[in-house]
>>> print(open('coords-v6.txt').read())   # compact mmCIF, C-alpha atoms
# COMPACT_ATOMS: atom_id res chain seq x y z
CA MET A 1 -6.09 -9.95 0.57
CA ARG A 2 -3.90 -12.70 -0.94
CA ILE A 3 -0.69 -12.73 1.08
CA ALA A 4 2.41 -14.40 -0.32
CA VAL A 5 4.42 -14.01 2.87
CA ARG A 6 2.48 -13.32 6.05
CA GLU A 7 3.91 -11.64 9.09
CA THR A 8 1.74 -13.90 11.29
CA THR A 9 1.17 -17.57 10.56
CA LEU A 10 -2.52 -17.59 11.31
CA ARG A 11 -3.01 -21.31 10.80
CA GLN A 12 -0.80 -22.04 13.80
CA MET A 13 -3.06 -20.08 16.19
CA ARG A 14 -4.95 -22.16 18.75
CA PRO A 15 -7.14 -21.15 21.70
CA VAL A 16 -4.54 -20.92 24.49
CA ALA A 17 -4.15 -18.99 27.69
CA VAL A 18 -2.76 -15.61 26.70
CA THR A 19 -2.79 -12.12 28.11
CA ALA A 20 -5.27 -9.43 27.10
CA ALA A 21 -2.43 -7.57 25.38
CA ASP A 22 -1.59 -10.71 23.35
CA ILE A 23 -5.23 -10.99 22.29
CA ASP A 24 -5.33 -7.33 21.26
CA ARG A 25 -2.13 -7.63 19.20
CA THR A 26 -3.41 -10.78 17.51
CA ILE A 27 -6.75 -9.18 16.63
CA VAL A 28 -4.90 -6.22 15.06
CA ALA A 29 -2.63 -8.57 13.07
CA VAL A 30 -5.52 -10.74 11.89
CA TRP A 31 -7.59 -7.70 10.98
CA ARG A 32 -4.85 -6.14 8.86
CA ILE A 33 -4.62 -9.34 6.83
CA GLU A 34 -8.26 -10.37 6.59
CA GLN A 35 -10.17 -7.07 6.26
CA PRO A 36 -9.66 -6.63 2.50
CA ARG A 37 -10.70 -10.21 1.75
CA LEU A 38 -13.77 -9.96 3.95
CA ILE A 39 -14.91 -6.80 2.16
CA THR A 40 -14.14 -8.34 -1.21
CA SER A 41 -16.20 -11.47 -0.53
CA LEU A 42 -19.17 -9.60 0.93
CA ALA A 43 -19.14 -6.99 -1.86
CA ARG A 44 -19.27 -9.74 -4.45
CA MET A 45 -22.30 -11.28 -2.73
CA LEU A 46 -24.16 -8.11 -1.74
CA ARG A 47 -23.32 -5.92 -4.79
CA ASP A 48 -22.84 -3.09 -2.27
CA VAL A 49 -19.31 -2.04 -1.31
CA PRO A 50 -20.08 0.35 1.59
CA LEU A 51 -22.51 -2.16 3.11
CA ALA A 52 -19.84 -4.86 2.86
CA GLU A 53 -17.41 -2.62 4.72
CA GLU A 54 -19.98 -1.87 7.43
CA LEU A 55 -20.72 -5.55 8.04
CA THR A 56 -17.00 -6.33 8.08
CA GLN A 57 -16.55 -3.76 10.83
CA GLU A 58 -19.34 -5.47 12.78
CA ALA A 59 -17.46 -8.76 12.49
CA LEU A 60 -14.38 -7.07 13.96
CA LEU A 61 -16.41 -5.79 16.91
CA ALA A 62 -17.70 -9.31 17.46
CA ALA A 63 -14.12 -10.64 17.55
CA ILE A 64 -13.11 -7.96 20.05
CA GLU A 65 -16.05 -8.99 22.23
CA HIS A 66 -15.72 -12.79 22.01
CA TRP A 67 -12.06 -13.73 21.45
CA PRO A 68 -10.76 -12.55 24.86
CA ALA A 69 -13.17 -15.04 26.47
CA THR A 70 -12.98 -17.93 23.99
CA GLY A 71 -9.42 -17.60 22.65
CA ILE A 72 -8.21 -17.09 19.09
CA PRO A 73 -10.02 -19.47 16.69
CA GLU A 74 -8.03 -22.01 14.71
CA LYS A 75 -8.96 -20.18 11.49
CA PRO A 76 -9.59 -16.56 12.48
CA GLY A 77 -10.29 -15.47 8.89
CA ALA A 78 -12.99 -18.08 8.46
CA TRP A 79 -14.50 -17.09 11.85
CA LEU A 80 -14.69 -13.45 10.77
CA MET A 81 -16.21 -14.37 7.41
CA ALA A 82 -18.85 -16.62 8.98
CA THR A 83 -19.79 -13.83 11.39
CA ALA A 84 -19.92 -11.21 8.64
CA LYS A 85 -21.95 -13.47 6.36
CA ARG A 86 -24.51 -14.17 9.10
CA ARG A 87 -24.95 -10.45 9.59
CA ALA A 88 -25.30 -10.02 5.83
CA LEU A 89 -28.09 -12.59 5.73
CA ASP A 90 -29.83 -10.91 8.68
CA HIS A 91 -29.60 -7.57 6.92
CA LEU A 92 -31.01 -8.93 3.67
CA ARG A 93 -33.90 -10.62 5.44
CA ARG A 94 -34.78 -7.38 7.24
CA HIS A 95 -34.77 -5.43 3.98
CA ARG A 96 -36.40 -8.05 1.77
CA MET A 97 -39.46 -5.98 1.09
CA VAL A 98 -37.44 -2.90 0.23
CA ALA A 99 -35.61 -4.29 -2.78
CA ARG A 100 -36.34 -7.52 -4.63
CA LYS A 101 -32.69 -7.97 -5.53
CA HIS A 102 -31.89 -8.44 -1.84
CA GLU A 103 -34.39 -11.26 -1.64
CA MET A 104 -32.76 -13.03 -4.56
CA ILE A 105 -29.30 -12.56 -3.13
CA ALA A 106 -30.37 -13.83 0.29
CA ARG A 107 -31.93 -16.93 -1.28
CA ASP A 108 -28.80 -17.60 -3.29
CA LEU A 109 -26.65 -17.25 -0.19
CA GLU A 110 -28.85 -19.59 1.82
CA GLN A 111 -28.79 -22.20 -0.92
CA GLU A 112 -25.02 -21.83 -1.21
CA GLN A 113 -24.54 -22.35 2.51
CA GLN A 114 -26.80 -25.43 2.53
CA ALA A 115 -25.03 -26.99 -0.43
CA MET A 116 -21.52 -26.05 0.73
CA PRO A 117 -21.54 -25.72 4.53
CA ASP A 118 -17.73 -25.50 4.74
CA LEU A 119 -17.37 -22.82 2.07
CA ASP A 120 -15.80 -20.33 4.42
CA ALA A 121 -13.03 -22.71 5.44
CA GLY A 122 -11.18 -21.59 2.34
CA LEU A 123 -11.06 -17.97 3.41
CA ASP A 124 -7.47 -18.29 4.59
CA ASP A 125 -6.44 -19.24 1.04
CA ASP A 126 -6.04 -16.80 -1.85
CA ILE A 127 -8.95 -15.05 -3.54
CA GLY A 128 -7.73 -14.80 -7.12
CA ASP A 129 -8.38 -11.39 -8.69
CA GLU A 130 -11.43 -10.36 -6.66
CA LEU A 131 -9.53 -7.65 -4.78
CA LEU A 132 -8.44 -6.03 -8.02
CA ARG A 133 -12.03 -6.14 -9.29
CA LEU A 134 -13.15 -4.34 -6.17
CA ILE A 135 -10.48 -1.67 -6.66
CA PHE A 136 -11.77 -1.12 -10.19
CA THR A 137 -15.25 -0.63 -8.73
CA ALA A 138 -14.00 1.93 -6.21
CA CYS A 139 -12.15 3.77 -9.01
CA HIS A 140 -15.33 4.48 -10.98
CA PRO A 141 -15.26 7.76 -13.01
CA LEU A 142 -18.34 8.90 -11.09
CA LEU A 143 -15.97 9.59 -8.19
CA SER A 144 -13.49 12.42 -8.50
CA ARG A 145 -9.91 11.32 -9.14
CA GLU A 146 -8.70 12.69 -5.81
CA VAL A 147 -11.02 10.41 -3.80
CA ARG A 148 -10.84 7.18 -5.82
CA ALA A 149 -7.45 6.09 -4.55
CA ALA A 150 -8.15 7.23 -0.99
CA LEU A 151 -11.38 5.21 -0.88
CA ALA A 152 -9.80 2.07 -2.28
CA LEU A 153 -6.81 2.28 0.06
CA ARG A 154 -8.94 2.82 3.15
CA MET A 155 -11.92 0.58 2.59
CA ILE A 156 -10.53 -2.18 0.42
CA CYS A 157 -6.81 -2.38 1.09
CA GLY A 158 -6.98 -1.83 4.84
CA LEU A 159 -4.70 1.20 5.18
CA THR A 160 -5.57 3.64 7.94
CA THR A 161 -6.69 7.19 7.19
CA GLY A 162 -3.38 8.39 8.66
CA GLU A 163 -1.34 6.15 6.35
CA ILE A 164 -3.29 7.42 3.33
CA ALA A 165 -2.87 11.04 4.43
CA ARG A 166 0.87 10.46 4.63
CA ALA A 167 0.91 9.02 1.10
CA PHE A 168 -0.90 12.07 -0.30
CA LEU A 169 0.84 14.62 2.00
CA GLN A 170 -2.58 15.80 3.10
CA PRO A 171 -4.13 16.44 6.55
CA GLU A 172 -5.78 13.35 7.99
CA ALA A 173 -9.10 15.19 8.43
CA THR A 174 -9.15 16.11 4.73
CA ILE A 175 -8.63 12.50 3.65
CA GLY A 176 -11.27 11.32 6.12
CA GLN A 177 -13.86 13.70 4.68
CA ARG A 178 -13.08 12.56 1.14
CA ILE A 179 -13.56 8.93 2.09
CA VAL A 180 -16.91 9.60 3.76
CA ARG A 181 -18.17 11.47 0.68
CA ALA A 182 -16.97 8.69 -1.63
CA LYS A 183 -18.74 6.02 0.42
CA ARG A 184 -21.96 8.02 0.27
CA THR A 185 -21.66 8.35 -3.50
CA LEU A 186 -21.09 4.61 -3.90
CA SER A 187 -24.09 3.79 -1.71
CA GLU A 188 -26.44 6.14 -3.56
CA SER A 189 -25.34 5.28 -7.09
CA GLY A 190 -25.62 1.48 -7.08
CA LEU A 191 -22.39 1.07 -9.02
CA ALA A 192 -21.79 -2.37 -10.50
CA TYR A 193 -19.21 -4.67 -8.94
CA GLU A 194 -17.11 -5.37 -12.02
CA THR A 195 -13.89 -5.42 -13.94
CA PRO A 196 -14.63 -3.02 -16.83
CA ARG A 197 -13.59 -3.67 -20.42
CA GLY A 198 -12.39 -1.55 -23.31
CA GLU A 199 -12.94 2.17 -22.94
CA GLU A 200 -14.39 1.82 -19.44
CA LEU A 201 -11.24 0.04 -18.31
CA SER A 202 -9.07 2.81 -19.74
CA LYS A 203 -11.04 5.44 -17.82
CA ARG A 204 -10.28 3.72 -14.52
CA LEU A 205 -6.83 2.30 -15.15
CA ALA A 206 -4.82 5.36 -14.09
CA SER A 207 -6.55 5.43 -10.69
CA VAL A 208 -6.13 1.67 -10.23
CA LEU A 209 -2.42 1.96 -11.02
CA GLU A 210 -2.16 4.74 -8.45
CA VAL A 211 -3.81 2.56 -5.79
CA VAL A 212 -1.46 -0.36 -6.47
CA TYR A 213 1.52 2.04 -6.46
CA LEU A 214 0.54 3.46 -3.07
CA ILE A 215 -0.07 0.00 -1.61
CA PHE A 216 3.43 -1.00 -2.64
CA ASN A 217 4.94 2.19 -1.22
CA GLU A 218 3.28 1.63 2.16
CA GLY A 219 4.68 -1.91 2.22
CA TYR A 220 8.13 -0.79 1.07
CA THR A 221 8.47 1.83 3.82
CA ALA A 222 5.73 1.57 6.43
CA SER A 223 4.41 4.92 7.64
CA ARG A 224 3.35 3.56 11.04
CA GLY A 225 4.19 0.77 13.47
CA GLU A 226 7.44 -0.79 14.62
CA ASP A 227 8.56 -2.51 11.40
CA TRP A 228 10.38 -0.81 8.55
CA LEU A 229 8.75 -3.07 5.95
CA ARG A 230 5.28 -4.60 5.47
CA PRO A 231 6.17 -7.39 3.03
CA GLN A 232 2.61 -8.63 2.56
CA LEU A 233 1.58 -5.32 1.01
CA CYS A 234 4.53 -5.39 -1.40
CA HIS A 235 3.71 -8.94 -2.47
CA GLU A 236 0.04 -8.09 -2.97
CA ALA A 237 0.87 -5.00 -5.03
CA LEU A 238 3.26 -7.03 -7.19
CA ARG A 239 0.59 -9.68 -7.76
CA MET A 240 -1.93 -7.09 -8.84
CA GLY A 241 0.66 -5.35 -11.01
CA ARG A 242 1.29 -8.59 -12.89
CA VAL A 243 -2.44 -9.10 -13.38
CA LEU A 244 -2.83 -5.55 -14.67
CA THR A 245 -0.24 -6.10 -17.40
CA SER A 246 -2.34 -9.04 -18.62
CA ILE A 247 -5.57 -7.03 -18.43
CA ALA A 248 -4.02 -4.05 -20.25
CA PRO A 249 -1.07 -5.53 -22.21
CA HIS A 250 -0.68 -2.47 -24.46
CA GLU A 251 -0.66 0.11 -21.66
CA PRO A 252 2.96 1.23 -21.11
CA GLU A 253 2.29 2.63 -17.65
CA ALA A 254 1.04 -0.77 -16.43
CA HIS A 255 4.37 -2.29 -17.49
CA GLY A 256 6.20 0.71 -16.06
CA LEU A 257 4.58 0.29 -12.66
CA LEU A 258 5.36 -3.42 -12.64
CA ALA A 259 8.98 -2.64 -13.54
CA LEU A 260 9.20 -0.06 -10.75
CA MET A 261 7.86 -2.50 -8.15
CA GLU A 262 9.97 -5.46 -9.31
CA LEU A 263 13.18 -3.40 -9.26
CA ASN A 264 12.48 -1.87 -5.87
CA ALA A 265 11.41 -5.20 -4.37
CA SER A 266 14.63 -6.82 -5.60
CA ARG A 267 16.46 -4.96 -2.79
CA ALA A 268 14.19 -6.24 0.01
CA ALA A 269 16.68 -8.68 1.56
CA ALA A 270 19.35 -5.98 1.82
CA ARG A 271 17.19 -3.17 3.25
CA THR A 272 17.29 -4.22 6.90
CA ASP A 273 19.83 -5.84 9.20
CA ALA A 274 19.29 -8.88 11.41
CA ALA A 275 17.57 -6.70 14.03
CA GLY A 276 15.21 -5.15 11.47
CA GLU A 277 16.98 -1.79 11.42
CA PRO A 278 17.01 0.04 8.05
CA ILE A 279 20.11 0.01 5.83
CA LEU A 280 20.41 2.93 3.40
CA LEU A 281 20.69 2.24 -0.33
CA LEU A 282 24.34 3.17 -0.72
CA GLU A 283 25.32 0.98 2.24
CA GLN A 284 23.42 -2.16 1.17
CA ASN A 285 25.10 -5.45 0.30
CA ARG A 286 24.28 -5.63 -3.40
CA GLY A 287 25.07 -9.32 -3.41
CA LEU A 288 21.74 -9.77 -1.63
CA TRP A 289 19.76 -8.07 -4.39
CA ASP A 290 17.49 -10.51 -6.24
CA GLN A 291 18.92 -10.76 -9.75
CA LEU A 292 15.93 -12.69 -11.13
CA GLN A 293 13.60 -9.96 -9.95
CA ILE A 294 15.91 -7.33 -11.46
CA ARG A 295 15.75 -9.13 -14.81
CA ARG A 296 11.95 -9.24 -14.61
CA GLY A 297 11.90 -5.53 -13.82
CA MET A 298 14.22 -4.68 -16.72
CA GLN A 299 12.09 -6.77 -19.07
CA ALA A 300 8.94 -4.90 -17.99
CA LEU A 301 10.74 -1.57 -18.38
CA GLY A 302 11.85 -2.53 -21.87
CA ARG A 303 8.29 -3.47 -22.81
CA ALA A 304 6.98 -0.13 -21.52
CA CYS A 305 9.50 1.74 -23.66
CA GLU A 306 8.66 -0.41 -26.71
CA LEU A 307 5.05 0.71 -26.28
CA GLY A 308 6.11 4.36 -26.42
CA GLY A 309 5.88 5.11 -22.71
CA ALA A 310 9.44 6.25 -22.00
CA ASN A 311 8.20 9.54 -20.48
CA GLY A 312 5.44 8.02 -18.36
CA PHE A 313 5.22 8.68 -14.61
CA TYR A 314 5.95 5.09 -13.57
CA VAL A 315 8.30 4.35 -16.48
CA LEU A 316 10.59 7.26 -15.56
CA GLN A 317 10.69 6.15 -11.93
CA ALA A 318 11.48 2.60 -13.03
CA ALA A 319 14.31 3.92 -15.21
CA ILE A 320 15.74 5.71 -12.16
CA VAL A 321 15.66 2.54 -10.05
CA ALA A 322 17.19 0.64 -12.98
CA CYS A 323 20.25 2.90 -12.74
CA HIS A 324 20.81 1.62 -9.21
CA ALA A 325 20.10 -1.99 -10.18
CA GLN A 326 22.69 -1.86 -12.97
CA ALA A 327 25.47 -0.45 -10.76
CA GLU A 328 27.53 -3.31 -9.33
CA ILE A 329 28.88 -1.06 -6.59
CA ALA A 330 27.51 2.22 -5.22
CA ASP A 331 30.35 4.24 -6.75
CA ASP A 332 29.29 3.09 -10.24
CA THR A 333 25.87 4.75 -9.94
CA ASP A 334 25.19 7.16 -12.82
CA TRP A 335 23.94 10.10 -10.77
CA GLN A 336 24.00 12.48 -13.73
CA ARG A 337 21.53 10.25 -15.57
CA ILE A 338 19.38 9.89 -12.47
CA SER A 339 19.34 13.66 -12.03
CA GLY A 340 18.27 14.08 -15.65
CA LEU A 341 15.51 11.49 -15.29
CA TYR A 342 14.17 13.32 -12.24
CA GLU A 343 14.20 16.54 -14.26
CA ARG A 344 12.01 14.86 -16.87
CA LEU A 345 9.79 13.46 -14.13
CA THR A 346 9.12 16.94 -12.72
CA VAL A 347 7.64 17.87 -16.09
CA VAL A 348 5.21 14.93 -15.88
CA ALA A 349 4.17 15.44 -12.25
CA ARG A 350 4.88 18.35 -9.92
CA SER A 351 5.39 16.92 -6.45
CA PRO A 352 7.48 17.92 -3.42
CA VAL A 353 8.51 14.26 -3.06
CA ILE A 354 9.84 14.15 -6.62
CA GLU A 355 11.62 17.47 -6.12
CA LEU A 356 13.18 16.20 -2.90
CA ASN A 357 14.42 13.05 -4.64
CA ARG A 358 15.79 15.20 -7.44
CA ALA A 359 17.69 17.21 -4.83
CA VAL A 360 19.28 14.00 -3.52
CA ALA A 361 20.39 13.07 -7.05
CA VAL A 362 21.73 16.58 -7.71
CA GLY A 363 23.63 16.39 -4.43
CA MET A 364 25.31 13.16 -5.50
CA ALA A 365 26.07 14.49 -8.99
CA GLU A 366 27.00 18.10 -8.23
CA GLY A 367 27.57 18.32 -4.48
CA PRO A 368 25.54 19.06 -1.34
CA GLU A 369 25.48 22.84 -1.81
CA ALA A 370 23.54 22.54 -5.07
CA ALA A 371 21.12 20.10 -3.47
CA LEU A 372 20.59 22.25 -0.38
CA ALA A 373 19.51 25.15 -2.58
CA ILE A 374 16.70 22.95 -3.95
CA VAL A 375 15.69 21.59 -0.54
CA ASP A 376 15.48 25.04 1.04
CA ARG A 377 12.84 26.04 -1.51
CA LEU A 378 10.52 23.24 -0.35
CA THR A 379 8.01 23.89 2.41
CA GLN A 380 6.05 20.65 2.81
CA ASN A 381 5.87 19.54 6.45
CA TYR A 382 6.77 15.84 6.35
CA HIS A 383 9.69 13.97 7.85
CA LEU A 384 11.72 13.25 4.72
CA LEU A 385 12.33 16.94 4.06
CA PRO A 386 14.29 17.69 7.28
CA SER A 387 15.86 14.22 7.01
CA VAL A 388 17.39 14.98 3.60
CA ARG A 389 18.29 18.49 4.74
CA GLY A 390 20.07 17.04 7.76
CA ASP A 391 22.07 14.67 5.56
CA LEU A 392 23.17 17.51 3.28
CA LEU A 393 24.13 19.72 6.23
CA HIS A 394 26.08 16.81 7.70
CA LYS A 395 28.05 16.43 4.46
CA LEU A 396 28.81 20.16 4.54
CA GLY A 397 30.17 19.88 8.07
CA ARG A 398 27.37 22.01 9.55
CA TYR A 399 26.80 19.50 12.34
CA ALA A 400 24.76 21.60 14.78
CA GLU A 401 22.26 22.43 12.03
CA ALA A 402 22.25 18.80 10.91
CA ARG A 403 21.43 17.66 14.46
CA ALA A 404 18.48 20.06 14.63
CA ALA A 405 17.21 18.85 11.22
CA PHE A 406 17.45 15.17 12.19
CA GLU A 407 15.64 15.84 15.46
CA ALA A 408 12.86 17.63 13.57
CA ALA A 409 12.61 14.70 11.16
CA ALA A 410 12.42 12.20 14.03
CA ALA A 411 9.59 14.17 15.62
CA LEU A 412 7.59 13.96 12.36
CA ALA A 413 8.30 10.29 11.55
CA GLY A 414 5.46 7.86 12.26
CA ASN A 415 7.46 4.65 11.91
CA GLN A 416 9.39 3.57 15.02
CA ARG A 417 12.37 2.13 13.10
CA GLU A 418 12.68 5.31 11.08
CA ARG A 419 12.33 7.48 14.16
CA ASP A 420 15.09 5.55 15.96
CA PHE A 421 17.35 5.80 12.92
CA LEU A 422 16.91 9.58 12.72
CA LYS A 423 17.60 9.95 16.43
CA ARG A 424 20.87 8.05 15.98
CA ARG A 425 21.85 10.37 13.16
CA ALA A 426 21.04 13.36 15.34
CA ALA A 427 23.25 11.95 18.11
CA GLU A 428 26.11 11.39 15.64
CA ALA A 429 25.84 14.98 14.41
CA ALA A 430 25.70 16.25 18.00
CA ALA A 431 28.91 14.38 18.85
CA LEU A 432 30.70 15.89 15.84
CA SER A 433 29.51 19.42 16.68
CA LEU A 434 31.27 19.41 20.07
>>> encode(input="coords-v6.txt", output="structure tokens")
Amino acid sequence: MRIAVRETTLRQMRPVAVTAADIDRTIVAVWRIEQPRLITSLARMLRDVPLAEELTQEALLAAIEHWPATGIPEKPGAWLMATAKRRALDHLRRHRMVARKHEMIARDLEQEQQAMPDLDAGLDDDIGDELLRLIFTACHPLLSREVRAALALRMICGLTTGEIARAFLQPEATIGQRIVRAKRTLSESGLAYETPRGEELSKRLASVLEVVYLIFNEGYTASRGEDWLRPQLCHEALRMGRVLTSIAPHEPEAHGLLALMELNASRAAARTDAAGEPILLLEQNRGLWDQLQIRRGMQALGRACELGGANGFYVLQAAIVACHAQAEIADDTDWQRISGLYERLTVVARSPVIELNRAVAVGMAEGPEAALAIVDRLTQNYHLLPSVRGDLLHKLGRYAEARAAFEAAAALAGNQRERDFLKRRAAEAAALSL
């Protein structure tokens, strides 16, 4: 995956004496960054996405076996690619007699390696639009809509099954089964590795937009781990969003999604303090918001509306975020407009997350009692529901109930920063309830 800002500067790694725990953490960090690009490169060469993923996993196992003894390579991405490519060549040689296309591919790969022996040294640089092309392949209409995004997020974008389940508010086992079925379908169908054109592009675009949207969301608020943000995912989603507006310039939802991501990303510098702890929207220093990125987001939003997409799923969300971006101070926020936009959004897509966000807006516009009535009708078991409920109860002075709600939210939260934040809110409510 092309990473604009990496959490780990891989090029600075050298084989040094480190602990086993250091090696393990490094392998995890390298894998998160390199897995999508490994799959992308192998899929382009093999014309087989599931096989590319399988061989990539084998390269990971090889790293787990060898790096503790030899140290971290200078270019870990290139090491993984070289290992995966060798296994790809071995596989193609073994199956040469089964399919003639494998023989041709193997020959091409061998000739390429002989002519360009240092080809893999460039792995740690960007890969252009190959990742997006692979997402289009995974979002083929042959797969049901419910599994396209899950497959792309798991196999191509490197998210865990748990992270995907959280995004869809589904049990992890359910998402896992969908991914397995989708891989089998891809293997058996021989789908082309391609960026479709015209009508074929239109058939897949909605699913591709959904994948990019979910990648951004996972980067914007990480569902797992110790960090509140995963900036590399946000940057990658933004890159792909910009490419999509050039691929589909007359599609309002492509511009709407780009607007939504630009406007949300403009707040990145203000969302955490020096220690990495989260800062809530209304408490952020708006002087840190990126005004250039806000202007880009507003331009994309305007283009989406010009194309007739004012009531689109992503366009409406972008319009909501624009209300925050245009308020110089928190007290200037037009909560009545935001509440109305959420009302329109519920017509487009019924979702407990949307309804919960609408409740927050109603609470700001009409008071916590009105919002609590909406929240108490929701039954989804995920951490944001008791978190919002706790905040509303806190505003109503029902501190003992707020403490219980925050504790329940902390127990459900997968992200360590978020869990710590909710525990602090629970402690504050407990102190006020005495």
>>> residues_around(input="coords-v6.txt", residues="Leu244 in chain A", least_positions_apart="6", cutoff="9 Å", atoms="only C-alpha atoms", output="tab-separated table (two decimals) with C-alpha atoms, keeping the file's coordinate frame")
chain	number	residue	atom	x	y	z
A	132	LEU	CA	-8.44	-6.03	-8.02
A	205	LEU	CA	-6.83	2.30	-15.15
A	209	LEU	CA	-2.42	1.96	-11.02
A	254	ALA	CA	1.04	-0.77	-16.43
A	255	HIS	CA	4.37	-2.29	-17.49
A	258	LEU	CA	5.36	-3.42	-12.64
>>> residues_around(input="coords-v6.txt", residues="range 303-313 of chain A", least_positions_apart="2", cutoff="10 Å", atoms="all atoms listed in the file", output="number ranges by chain")
A: 249-259, 297-301, 315-319, 341, 344-349
>>> write_last_selection(input="coords-v6.txt", atoms="C-alpha atoms", output="short mmCIF file (atom, residue, chain, number, x, y, z; two decimals), in the coordinates of the input")
data_model
loop_
_atom_site.label_atom_id
_atom_site.label_comp_id
_atom_site.auth_asym_id
_atom_site.auth_seq_id
_atom_site.Cartn_x
_atom_site.Cartn_y
_atom_site.Cartn_z
CA PRO A 249 -1.07 -5.53 -22.21
CA HIS A 250 -0.68 -2.47 -24.46
CA GLU A 251 -0.66 0.11 -21.66
CA PRO A 252 2.96 1.23 -21.11
CA GLU A 253 2.29 2.63 -17.65
CA ALA A 254 1.04 -0.77 -16.43
CA HIS A 255 4.37 -2.29 -17.49
CA GLY A 256 6.20 0.71 -16.06
CA LEU A 257 4.58 0.29 -12.66
CA LEU A 258 5.36 -3.42 -12.64
CA ALA A 259 8.98 -2.64 -13.54
CA GLY A 297 11.90 -5.53 -13.82
CA MET A 298 14.22 -4.68 -16.72
CA GLN A 299 12.09 -6.77 -19.07
CA ALA A 300 8.94 -4.90 -17.99
CA LEU A 301 10.74 -1.57 -18.38
CA VAL A 315 8.30 4.35 -16.48
CA LEU A 316 10.59 7.26 -15.56
CA GLN A 317 10.69 6.15 -11.93
CA ALA A 318 11.48 2.60 -13.03
CA ALA A 319 14.31 3.92 -15.21
CA LEU A 341 15.51 11.49 -15.29
CA ARG A 344 12.01 14.86 -16.87
CA LEU A 345 9.79 13.46 -14.13
CA THR A 346 9.12 16.94 -12.72
CA VAL A 347 7.64 17.87 -16.09
CA VAL A 348 5.21 14.93 -15.88
CA ALA A 349 4.17 15.44 -12.25
#
>>> closest_residue(input="coords-v6.txt", among="A:Leu214, A:Val208, A:Ile23, A:Ala165", to="Tyr382 in chain A", atoms="all atoms listed in the file")
A:Ala165
>>> residues_around(input="coords-v6.txt", residues="Lys203 in chain A", least_positions_apart="3", cutoff="7 Å", atoms="all atoms listed in the file", output="tab-separated table (two decimals) with C-alpha atoms, in the coordinates of the input")
chain	number	residue	atom	x	y	z
A	141	PRO	CA	-15.26	7.76	-13.01
A	199	GLU	CA	-12.94	2.17	-22.94
A	200	GLU	CA	-14.39	1.82	-19.44
>>> closest_residue(input="coords-v6.txt", among="A:Asp420, A:Thr40, A:Ile33, A:Arg148", to="Pro231 in chain A", atoms="only C-alpha atoms")
A:Ile33
>>> residues_around(input="coords-v6.txt", residues="Gln291 in chain A", least_positions_apart="6", cutoff="12 Å", atoms="all atoms listed in the file", output="ChimeraX atom specification")
/A:262-269,297-298,322,325-326,328
>>> closest_residue(input="coords-v6.txt", among="A:Gly390, A:Gly241, A:Pro68, A:Pro36", to="Ala21 in chain A", atoms="all atoms listed in the file")
A:Pro68
>>> atom_distance(input="coords-v6.txt", atom1="CA of Pro196 in chain A", atom2="CA of His140 in chain A")
9.5 Å
>>> decode(input="coords-v6.txt", residues="range 398-432 of chain A", atoms="C-alpha atoms", output="mmCIF file, in the first residue's frame")
data_model
loop_
_atom_site.group_PDB
_atom_site.id
_atom_site.type_symbol
_atom_site.label_atom_id
_atom_site.label_comp_id
_atom_site.auth_asym_id
_atom_site.auth_seq_id
_atom_site.Cartn_x
_atom_site.Cartn_y
_atom_site.Cartn_z
ATOM 1 C CA ARG A 398 -27.782 11.302 36.363
ATOM 2 C CA TYR A 399 -24.183 10.548 37.308
ATOM 3 C CA ALA A 400 -24.538 7.027 38.698
ATOM 4 C CA GLU A 401 -26.255 5.885 35.495
ATOM 5 C CA ALA A 402 -23.654 7.740 33.424
ATOM 6 C CA ARG A 403 -20.843 5.923 35.258
ATOM 7 C CA ALA A 404 -22.437 2.547 34.528
ATOM 8 C CA ALA A 405 -22.872 3.474 30.840
ATOM 9 C CA PHE A 406 -19.258 4.618 30.464
ATOM 10 C CA GLU A 407 -17.998 1.445 32.139
ATOM 11 C CA ALA A 408 -20.090 -0.651 29.752
ATOM 12 C CA ALA A 409 -18.692 1.311 26.800
ATOM 13 C CA ALA A 410 -15.113 0.822 28.018
ATOM 14 C CA ALA A 411 -15.668 -2.925 28.285
ATOM 15 C CA LEU A 412 -16.789 -3.038 24.631
ATOM 16 C CA ALA A 413 -14.113 -0.723 23.189
ATOM 17 C CA GLY A 414 -11.290 -2.439 21.306
ATOM 18 C CA ASN A 415 -8.945 0.554 21.098
ATOM 19 C CA GLN A 416 -6.763 1.150 24.167
ATOM 20 C CA ARG A 417 -6.860 4.967 23.919
ATOM 21 C CA GLU A 418 -10.626 4.926 23.630
ATOM 22 C CA ARG A 419 -10.962 2.465 26.492
ATOM 23 C CA ASP A 420 -8.791 4.642 28.754
ATOM 24 C CA PHE A 421 -10.789 7.736 27.816
ATOM 25 C CA LEU A 422 -14.088 6.043 28.686
ATOM 26 C CA LYS A 423 -12.712 4.826 31.999
ATOM 27 C CA ARG A 424 -11.724 8.401 32.869
ATOM 28 C CA ARG A 425 -15.233 9.576 32.068
ATOM 29 C CA ALA A 426 -16.640 6.834 34.264
ATOM 30 C CA ALA A 427 -14.384 7.943 37.123
ATOM 31 C CA GLU A 428 -15.483 11.572 36.683
ATOM 32 C CA ALA A 429 -19.147 10.545 36.812
ATOM 33 C CA ALA A 430 -18.485 8.373 39.867
ATOM 34 C CA ALA A 431 -16.890 11.312 41.685
ATOM 35 C CA LEU A 432 -19.898 13.531 40.930
#
